Amino acid sequence: MTKKVRHVLGISGGKDSAALAIYLKNNYPSLDIEYYFCDTGKELEETYKLIDNLEAYLGKKITRTKAASESSQEPFDHFYNLFGGYLPSSNARWCTKYLKLQPFEEFVGNDPVISYVGIRGDEDREGYISKKANIQSIFPFRKNIWSEDVISRALKNDNIAALTEIYKFHFGQNAIERTLEIILQPISTKFTQTQKLNLLLDQGIKEFNVSIFELLKNSNYPVSHMKDFALIGNEENLVRDDIFNLLRASGVGVPEYYEKIAFEVDGKKGEYARSRSGCYFCFFQQKIEWVWLYEQHPQLYQLAINYENEKEGFTWNQNESLLELMQPQRVESIKREFLNRNITKTKSSYLLDSLDDAEAEGCAACFI
Ligand code: SF4
């Protein structure tokens, strides 16, 4: 039975979600997408500017949501005080849960929802995404647009017969002989789910999508309520350079914090930038990004120090306070280390390529 399904896209302030909004507007203009942004109250100015630019380009409002909206404090500070002044960390990530995921889940309520996520074709991760049953994530920048749970369900050995019938019905036995061989081979330790998925995608992305869409009709996934789904024809595989090109060509522009800034250490020239959106004090940032914050946004760096000063023994980085990190010798050594590390890296036009380990950490809600 068809049911109204909402289409939503979270704008994090990062390049990938912004590019995805542009991409979907350009390629799927009939999709009625609702855009939202979960504001922690501690975002960089550049993020708000990107959101304004994007709103103008999309010609549509981006709903700004805030956790604990009834509180007199900014969302981060509200929960920070509620949790007794404990700074979040990669092991205690209350901030993502309460400031990003919960407001998103409140925004969509219990409606069946397709949530578009900007993880790129050159990334191997799903990110920290909502697992609520009424929310289905779709990844238009990848060859495989479906989430991990959908793929596990569709390719499990119990479904071999059903998948075979669907492929035969839609494409005819003769046209897909090789594909049927792949479908009939059970997943095992010698033939993994990933191998099977990649082989099927190589045989035809659209055919694969049509079949998964059909298979999900007997499920509770939001796509089961839809008669058609435009994205099943999507065969894109967009990588980092494509994302920058989309942003620049649209006129929305690349968030300013990605732009490289020159520095010099030991007579050698280097460049730094920030690799991600999110809170200015985010604990996921690399040391060189803290140095960038210290030198480019000293007032924000000071605010980050203030949090460390509030509770004895709490620092944003393990084994080092921000006061220690900002000492001239330490700043130099971080720059030196960064410079040396990057000598061996590829000569990319984007500094992000040397910060990509950091980019892969964190979550879809904050950084994509
Ligand atoms: S950007 Fe970092 S500090 Fe802010 S909510 Fe996300 S994980 Fe937490």
# chains A, B, ... in the order shown; residues from 1 in each chain; ligands from 1
call {"tool": "select_by_dssp", "arguments": {"residues": "segment 86-326 of chain A", "states": "helix (DSSP H, G or I)", "output": "PyMOL selection string"}}
result
chain A and resi 94-108+148-155+157-171+174-184+193-203+205-218+222-225+230-233+240-250+256-258+287-296+298-310+322-325
call {"tool": "write_last_selection", "arguments": {"atoms": "C-alpha atoms", "output": "short mmCIF file (atom, residue, chain, number, x, y, z; two decimals), in the first residue's frame"}}
result
data_model
loop_
_atom_site.label_atom_id
_atom_site.label_comp_id
_atom_site.auth_asym_id
_atom_site.auth_seq_id
_atom_site.Cartn_x
_atom_site.Cartn_y
_atom_site.Cartn_z
CA TRP A 94 26.89 12.34 24.25
CA CYS A 95 27.03 15.44 22.04
CA THR A 96 26.25 13.65 18.77
CA LYS A 97 23.43 11.73 20.35
CA TYR A 98 21.71 14.64 22.09
CA LEU A 99 22.60 17.55 19.80
CA LYS A 100 22.39 15.94 16.38
CA LEU A 101 20.57 12.60 16.31
CA GLN A 102 17.76 13.31 18.76
CA PRO A 103 16.69 16.63 17.20
CA PHE A 104 16.75 14.90 13.81
CA GLU A 105 14.55 12.07 15.07
CA GLU A 106 12.16 14.59 16.62
CA PHE A 107 12.09 16.50 13.34
CA VAL A 108 10.94 13.41 11.41
CA GLU A 148 24.23 -2.00 5.16
CA ASP A 149 21.10 -3.48 6.81
CA VAL A 150 19.22 -3.48 3.49
CA ILE A 151 22.09 -5.22 1.72
CA SER A 152 22.42 -7.88 4.45
CA ARG A 153 18.73 -8.55 4.24
CA ALA A 154 18.58 -8.64 0.44
CA LEU A 155 21.65 -10.79 -0.11
CA ASN A 157 21.21 -16.86 1.44
CA ASP A 158 17.53 -17.35 2.35
CA ASN A 159 16.66 -14.76 -0.27
CA ILE A 160 18.48 -16.36 -3.20
CA ALA A 161 15.28 -17.81 -4.69
CA ALA A 162 13.32 -14.57 -4.32
CA LEU A 163 16.11 -12.47 -5.81
CA THR A 164 16.49 -14.89 -8.72
CA GLU A 165 12.78 -14.65 -9.52
CA ILE A 166 12.81 -10.85 -9.39
CA TYR A 167 15.82 -10.59 -11.71
CA LYS A 168 14.29 -13.11 -14.15
CA PHE A 169 10.93 -11.36 -14.11
CA HIS A 170 12.38 -7.93 -14.81
CA PHE A 171 15.26 -8.73 -17.13
CA ASN A 174 18.97 -14.96 -21.19
CA ALA A 175 19.90 -11.33 -20.68
CA ILE A 176 21.27 -11.97 -17.21
CA GLU A 177 22.87 -15.39 -17.29
CA ARG A 178 26.09 -14.28 -15.56
CA THR A 179 24.11 -12.27 -12.98
CA LEU A 180 22.08 -15.34 -12.07
CA GLU A 181 25.25 -17.32 -11.51
CA ILE A 182 26.35 -14.69 -8.99
CA ILE A 183 22.96 -14.63 -7.25
CA LEU A 184 22.92 -18.42 -6.96
CA GLN A 193 28.63 -10.33 1.08
CA THR A 194 30.84 -7.49 -0.14
CA GLN A 195 32.18 -9.59 -3.01
CA LYS A 196 28.68 -10.61 -4.02
CA LEU A 197 27.45 -7.02 -3.81
CA ASN A 198 30.30 -5.68 -5.95
CA LEU A 199 29.89 -8.38 -8.58
CA LEU A 200 26.17 -7.69 -8.83
CA LEU A 201 26.74 -3.94 -9.10
CA ASP A 202 29.32 -4.57 -11.85
CA GLN A 203 26.66 -6.44 -13.80
CA ILE A 205 23.64 -0.83 -11.05
CA LYS A 206 20.17 -0.03 -12.27
CA GLU A 207 19.21 -3.71 -12.51
CA PHE A 208 20.45 -4.20 -8.98
CA ASN A 209 18.49 -1.20 -7.68
CA VAL A 210 15.30 -2.27 -9.42
CA SER A 211 15.61 -5.71 -7.83
CA ILE A 212 16.30 -4.40 -4.32
CA PHE A 213 13.40 -1.95 -4.61
CA GLU A 214 11.14 -4.84 -5.60
CA LEU A 215 12.42 -7.07 -2.83
CA LEU A 216 11.79 -4.37 -0.21
CA LYS A 217 8.14 -4.18 -1.20
CA ASN A 218 7.54 -6.99 1.30
CA PRO A 222 9.92 3.45 3.84
CA VAL A 223 10.59 2.67 0.14
CA SER A 224 8.01 -0.13 0.41
CA HIS A 225 5.32 2.58 0.57
CA ALA A 230 13.67 8.04 -8.81
CA LEU A 231 16.98 7.07 -7.21
CA ILE A 232 16.83 3.48 -8.49
CA GLY A 233 18.05 4.86 -11.80
CA ARG A 240 35.99 14.22 -3.41
CA ASP A 241 36.99 16.27 -6.45
CA ASP A 242 33.45 15.98 -7.83
CA ILE A 243 32.11 17.41 -4.58
CA PHE A 244 34.33 20.50 -4.75
CA ASN A 245 33.43 20.96 -8.41
CA LEU A 246 29.71 20.81 -7.63
CA LEU A 247 30.05 23.39 -4.87
CA ARG A 248 32.09 25.79 -6.95
CA ALA A 249 30.06 25.42 -10.15
CA SER A 250 26.78 26.10 -8.31
CA GLU A 256 35.84 28.90 3.94
CA TYR A 257 37.47 26.74 6.59
CA TYR A 258 38.49 24.27 3.85
CA LYS A 287 46.43 18.71 16.27
CA ILE A 288 47.15 20.79 13.18
CA GLU A 289 43.48 21.82 13.13
CA TRP A 290 43.76 22.99 16.74
CA VAL A 291 46.74 25.06 15.65
CA TRP A 292 44.61 26.43 12.79
CA LEU A 293 41.90 27.34 15.32
CA TYR A 294 44.44 28.97 17.63
CA GLU A 295 45.96 31.09 14.86
CA GLN A 296 42.87 31.79 12.74
CA PRO A 298 41.98 32.87 18.66
CA GLN A 299 38.78 33.94 20.41
CA LEU A 300 37.19 30.53 19.75
CA TYR A 301 40.36 28.82 20.93
CA GLN A 302 40.09 30.79 24.15
CA LEU A 303 36.47 29.70 24.57
CA ALA A 304 37.59 26.09 24.14
CA ILE A 305 40.21 26.67 26.87
CA ASN A 306 37.49 28.02 29.15
CA TYR A 307 35.73 24.64 29.05
CA GLU A 308 38.96 22.90 30.07
CA ASN A 309 39.35 25.31 32.96
CA GLU A 310 35.92 24.55 34.33
CA LEU A 322 44.98 23.55 25.01
CA LEU A 323 47.23 25.82 27.07
CA GLU A 324 50.10 23.38 26.52
CA LEU A 325 49.26 22.97 22.84
#
call {"tool": "residues_near_ligand", "arguments": {"ligand": "ligand 1", "cutoff": "8 Å", "atoms": "only C-alpha atoms and all ligand atoms", "output": "count of residues only"}}
result
27
call {"tool": "atom_distance", "arguments": {"atom1": "atom CA of Lys61 of chain A", "atom2": "atom CA of Glu34 of chain A"}}
result
8.1 Å
call {"tool": "closest_residue", "arguments": {"among": "A:Glu332, A:Met226, A:Leu87, A:Glu264", "to": "Gln318 of chain A", "atoms": "only C-alpha atoms"}}
result
A:Leu87
call {"tool": "closest_residue", "arguments": {"among": "A:Ser72, A:Gly85, A:Ala21, A:Asn27", "to": "Phe314 of chain A", "atoms": "only C-alpha atoms"}}
result
A:Gly85
call {"tool": "select_by_dssp", "arguments": {"residues": "segment 53-85 of chain A", "states": "strand (DSSP E)", "output": "PyMOL selection string"}}
result
chain A and resi 62-65
